[in-house]
Amino acid sequence: MLIYPEINPIALQIGPVAIHWYGLTYLAAFGLFYFLATLRLRHEPYASITGPGAWSRRDIEDILFLGVMGVVIGGRLGYCLFYKPAYYAAHPLEILYVWQGGMSFHGGLLGVLVSQWWFAHSRKRPWLQVMDFIAPCVPTGLAAGRVGNFINGELWGRFSSPDLPWGMVFKNSGSMLPRHPSQIYQFLLEGMLLFVLLWLYARKPRKMGQVSGAFLVGYGVFRFIAEFFREPDDFLGILALGMSMGQWLGVPMIIAGAWLWIWASKRPQPR
C-alpha cells in the first residue's frame, strides 16, 4: 500500500499572500475550457453559422465569465441545500463563508445551466445549442478539480483491501488503514475518460440536445460508479437503498440525460 505524500496545499507564499494549489487547479480548469472552446468553434454546426448568430471568441469569454459565476454561486448554494440544509437554515450568514469550503458539483451544474440560459437569451440563441457547445469542454475542468482534491488530501475513498497495490493511507482520515484514492478514480472517470468520449462524440454533427444529454448520462454514470469507492460524508453516511448522496443526485442526471437524448433524436431540427 501507499502513504499519502502530505503535499503542502500552499503552492507559493509571498508574505501574507498565499497561493493555494486548489486555486491553481481552478485556474487550470478555466484555461482548459477556454482552449477547448476555441477548438470547438471549428466543429459543426458552429463553424457554419454565419451572420448575427455566428460564434466567436467573444462568446467564449462571456460564457466563461458567466460559467464561473454559476459554478461558484450554484456550487455553494447546492452544498448548503443538498448536504447541510438544517445547519445553514440555522446559520444563514455562513452560506457566504466560502473560504470554509463546501462546494457541490450538482449545485454548480444548476448554476451553469441558469447562467448559460441567460447567455442564450441575451444572444437570442437556442439554449441547447449553447449547452451542446460547452458540454465537451467541461470534463477536463472536473479532472483539474479532482487533482486539487488529491493535493488537499480530502474526499478520500472507502477502506480497500490491504492487498490493493494502489491502496493509500490518508492520515487526515483518522485511520492508518489503506483506502481507495477515489479522487484519482474520479479524475480518470468523470474527468479524462468522459472528456475523450464526449469530445469524439461531439466532433460529428449531432441533433441539438444530444451532446448535452450524453454529458448528463456520462457524468451521472461515472460519478455513480466512483461513489462506490468514495467515503460518504461523515455527517450523511449511506442513505436509502445503500446509496450515497452523490449517487442519489446522479440518478436524476442520468434519467434527464437519457430523456433529453431520446427527445432530441426524435425532434425535427431547425434548418
# chains A, B, ... in the order shown; residues from 1 in each chain; ligands from 1
call {"tool": "residues_around", "arguments": {"residues": "Pro252 in chain A", "least_positions_apart": "4", "cutoff": "10 Å", "atoms": "only C-alpha atoms", "output": "JSON, numbers by chain"}}
result
{"A": [216, 217, 220, 247, 248, 256, 257, 258]}
call {"tool": "write_last_selection", "arguments": {"atoms": "N, CA, C and O atoms", "output": "PDB file, in the first residue's frame"}}
result
ATOM      1  N   LEU A 216     -24.785  14.493 -19.531  1.00  0.00           N
ATOM      2  CA  LEU A 216     -25.509  14.189 -18.296  1.00  0.00           C
ATOM      3  C   LEU A 216     -25.464  12.701 -17.979  1.00  0.00           C
ATOM      4  O   LEU A 216     -25.224  12.305 -16.831  1.00  0.00           O
ATOM      5  N   VAL A 217     -25.690  11.873 -18.982  1.00  0.00           N
ATOM      6  CA  VAL A 217     -25.653  10.429 -18.767  1.00  0.00           C
ATOM      7  C   VAL A 217     -24.243   9.984 -18.397  1.00  0.00           C
ATOM      8  O   VAL A 217     -24.043   9.224 -17.440  1.00  0.00           O
ATOM      9  N   GLY A 220     -23.233  11.252 -14.920  1.00  0.00           N
ATOM     10  CA  GLY A 220     -24.042  10.581 -13.907  1.00  0.00           C
ATOM     11  C   GLY A 220     -23.609   9.141 -13.680  1.00  0.00           C
ATOM     12  O   GLY A 220     -23.492   8.692 -12.537  1.00  0.00           O
ATOM     13  N   GLN A 247     -24.692   9.505  -5.284  1.00  0.00           N
ATOM     14  CA  GLN A 247     -25.413   8.592  -6.168  1.00  0.00           C
ATOM     15  C   GLN A 247     -26.861   9.020  -6.341  1.00  0.00           C
ATOM     16  O   GLN A 247     -27.412   8.959  -7.445  1.00  0.00           O
ATOM     17  N   TRP A 248     -27.487   9.443  -5.250  1.00  0.00           N
ATOM     18  CA  TRP A 248     -28.871   9.891  -5.348  1.00  0.00           C
ATOM     19  C   TRP A 248     -28.994  11.127  -6.238  1.00  0.00           C
ATOM     20  O   TRP A 248     -29.965  11.273  -6.981  1.00  0.00           O
ATOM     21  N   ALA A 256     -32.542  12.376 -16.700  1.00  0.00           N
ATOM     22  CA  ALA A 256     -32.748  13.578 -17.510  1.00  0.00           C
ATOM     23  C   ALA A 256     -31.918  13.532 -18.788  1.00  0.00           C
ATOM     24  O   ALA A 256     -32.389  13.923 -19.865  1.00  0.00           O
ATOM     25  N   GLY A 257     -30.664  13.059 -18.681  1.00  0.00           N
ATOM     26  CA  GLY A 257     -29.810  12.987 -19.855  1.00  0.00           C
ATOM     27  C   GLY A 257     -30.337  11.999 -20.890  1.00  0.00           C
ATOM     28  O   GLY A 257     -30.331  12.287 -22.093  1.00  0.00           O
ATOM     29  N   ALA A 258     -30.811  10.831 -20.427  1.00  0.00           N
ATOM     30  CA  ALA A 258     -31.358   9.841 -21.351  1.00  0.00           C
ATOM     31  C   ALA A 258     -32.619  10.377 -22.031  1.00  0.00           C
ATOM     32  O   ALA A 258     -32.808  10.208 -23.246  1.00  0.00           O
TER      33      ALA A 258
END
call {"tool": "residues_around", "arguments": {"residues": "Pro45 in chain A", "least_positions_apart": "4", "cutoff": "9 Å", "atoms": "only C-alpha atoms", "output": "ChimeraX atom specification"}}
result
/A:41,49,205-206
call {"tool": "select_by_dssp", "arguments": {"residues": "range 10-257 of chain A", "states": "alpha helix (DSSP H)", "output": "PyMOL selection string"}}
result
chain A and resi 21-40+57-82+85-90+105-123+127-134+139-151+182-186+194-202+210-227+245-257
call {"tool": "residues_around", "arguments": {"residues": "Tyr185 in chain A", "least_positions_apart": "3", "cutoff": "10 Å", "atoms": "only C-alpha atoms", "output": "MDAnalysis selection string"}}
result
chainID A and resid 143 146 157 180:182 188:191 222:223 225:227 229:230
call {"tool": "residues_around", "arguments": {"residues": "range 198-201 of chain A", "least_positions_apart": "5", "cutoff": "12 Å", "atoms": "only C-alpha atoms", "output": "ChimeraX atom specification"}}
result
/A:36-37,39-40,43-44,132-140,190-193,206-207,210-219
call {"tool": "atom_distance", "arguments": {"atom1": "CA of Val72 in chain A", "atom2": "CA of Ser104 in chain A"}}
result
9.4 Å
call {"tool": "select_by_dssp", "arguments": {"residues": "range 15-165 of chain A", "states": "strand (DSSP E or B)", "output": "VMD selection string"}}
result
chain A and resid 17 to 20 157 159
call {"tool": "write_last_selection", "arguments": {"atoms": "N, CA, C and O atoms", "output": "PDB file, in the first residue's frame"}}
result
ATOM      1  N   VAL A  17       0.482  36.791   1.558  1.00  0.00           N
ATOM      2  CA  VAL A  17      -0.292  36.303   0.406  1.00  0.00           C
ATOM      3  C   VAL A  17       0.099  34.852   0.116  1.00  0.00           C
ATOM      4  O   VAL A  17       1.272  34.561  -0.143  1.00  0.00           O
ATOM      5  N   ALA A  18      -0.894  33.977   0.179  1.00  0.00           N
ATOM      6  CA  ALA A  18      -0.664  32.551  -0.084  1.00  0.00           C
ATOM      7  C   ALA A  18      -1.465  32.114  -1.306  1.00  0.00           C
ATOM      8  O   ALA A  18      -2.660  32.404  -1.408  1.00  0.00           O
ATOM      9  N   ILE A  19      -0.785  31.466  -2.220  1.00  0.00           N
ATOM     10  CA  ILE A  19      -1.443  30.920  -3.417  1.00  0.00           C
ATOM     11  C   ILE A  19      -1.554  29.412  -3.235  1.00  0.00           C
ATOM     12  O   ILE A  19      -0.548  28.713  -3.120  1.00  0.00           O
ATOM     13  N   HIS A  20      -2.791  28.924  -3.177  1.00  0.00           N
ATOM     14  CA  HIS A  20      -3.037  27.507  -2.928  1.00  0.00           C
ATOM     15  C   HIS A  20      -3.083  26.720  -4.237  1.00  0.00           C
ATOM     16  O   HIS A  20      -3.524  27.232  -5.277  1.00  0.00           O
ATOM     17  N   GLY A 157     -11.175   7.871  -0.281  1.00  0.00           N
ATOM     18  CA  GLY A 157     -12.068   6.770  -0.567  1.00  0.00           C
ATOM     19  C   GLY A 157     -12.375   5.893   0.634  1.00  0.00           C
ATOM     20  O   GLY A 157     -11.898   6.128   1.752  1.00  0.00           O
ATOM     21  N   PHE A 159     -12.383   2.182   2.714  1.00  0.00           N
ATOM     22  CA  PHE A 159     -11.309   1.242   3.012  1.00  0.00           C
ATOM     23  C   PHE A 159     -11.168   0.249   1.865  1.00  0.00           C
ATOM     24  O   PHE A 159     -12.161  -0.226   1.296  1.00  0.00           O
TER      25      PHE A 159
END
call {"tool": "residues_around", "arguments": {"residues": "Leu236 in chain A", "least_positions_apart": "5", "cutoff": "10 Å", "atoms": "only C-alpha atoms", "output": "NGL selection string"}}
result
:A and (83-84 or 244-245)
call {"tool": "residues_around", "arguments": {"residues": "His106 in chain A", "least_positions_apart": "3", "cutoff": "8 Å", "atoms": "only C-alpha atoms", "output": "list in words"}}
result
Gly75, Gly78, Leu109, Leu110 and Leu249 of chain A
call {"tool": "residues_around", "arguments": {"residues": "Thr25 in chain A", "least_positions_apart": "2", "cutoff": "8 Å", "atoms": "only C-alpha atoms", "output": "number ranges by chain"}}
result
A: 21-23, 27-29, 144-145, 147-148
call {"tool": "closest_atom_pairs", "arguments": {"of": "range 96-165 of chain A", "to": "range 50-69 of chain A", "cutoff": "7 Å", "atoms": "only C-alpha atoms", "output": "JSON lines"}}
result
{"residue": "A:Val112", "atom": "CA", "partner": "A:Gly67", "partner_atom": "CA", "distance": 5.3}
{"residue": "A:Ser115", "atom": "CA", "partner": "A:Leu66", "partner_atom": "CA", "distance": 5.6}
{"residue": "A:Gln116", "atom": "CA", "partner": "A:Ile63", "partner_atom": "CA", "distance": 6.9}
{"residue": "A:Phe119", "atom": "CA", "partner": "A:Ile63", "partner_atom": "CA", "distance": 6.9}
call {"tool": "write_last_selection", "arguments": {"atoms": "C-alpha atoms", "output": "PDB file, in the first residue's frame"}}
result
ATOM      1  CA  VAL A 112     -24.150  26.866 -15.004  1.00  0.00           C
ATOM      2  CA  SER A 115     -26.070  31.303 -16.317  1.00  0.00           C
ATOM      3  CA  GLN A 116     -25.997  29.838 -19.818  1.00  0.00           C
ATOM      4  CA  PHE A 119     -26.327  33.970 -22.130  1.00  0.00           C
TER       5      PHE A 119
END
call {"tool": "closest_residue", "arguments": {"among": "A:Tyr46, A:Phe33, A:Gln13, A:His121", "to": "Arg203 in chain A", "atoms": "only C-alpha atoms"}}
result
A:Tyr46
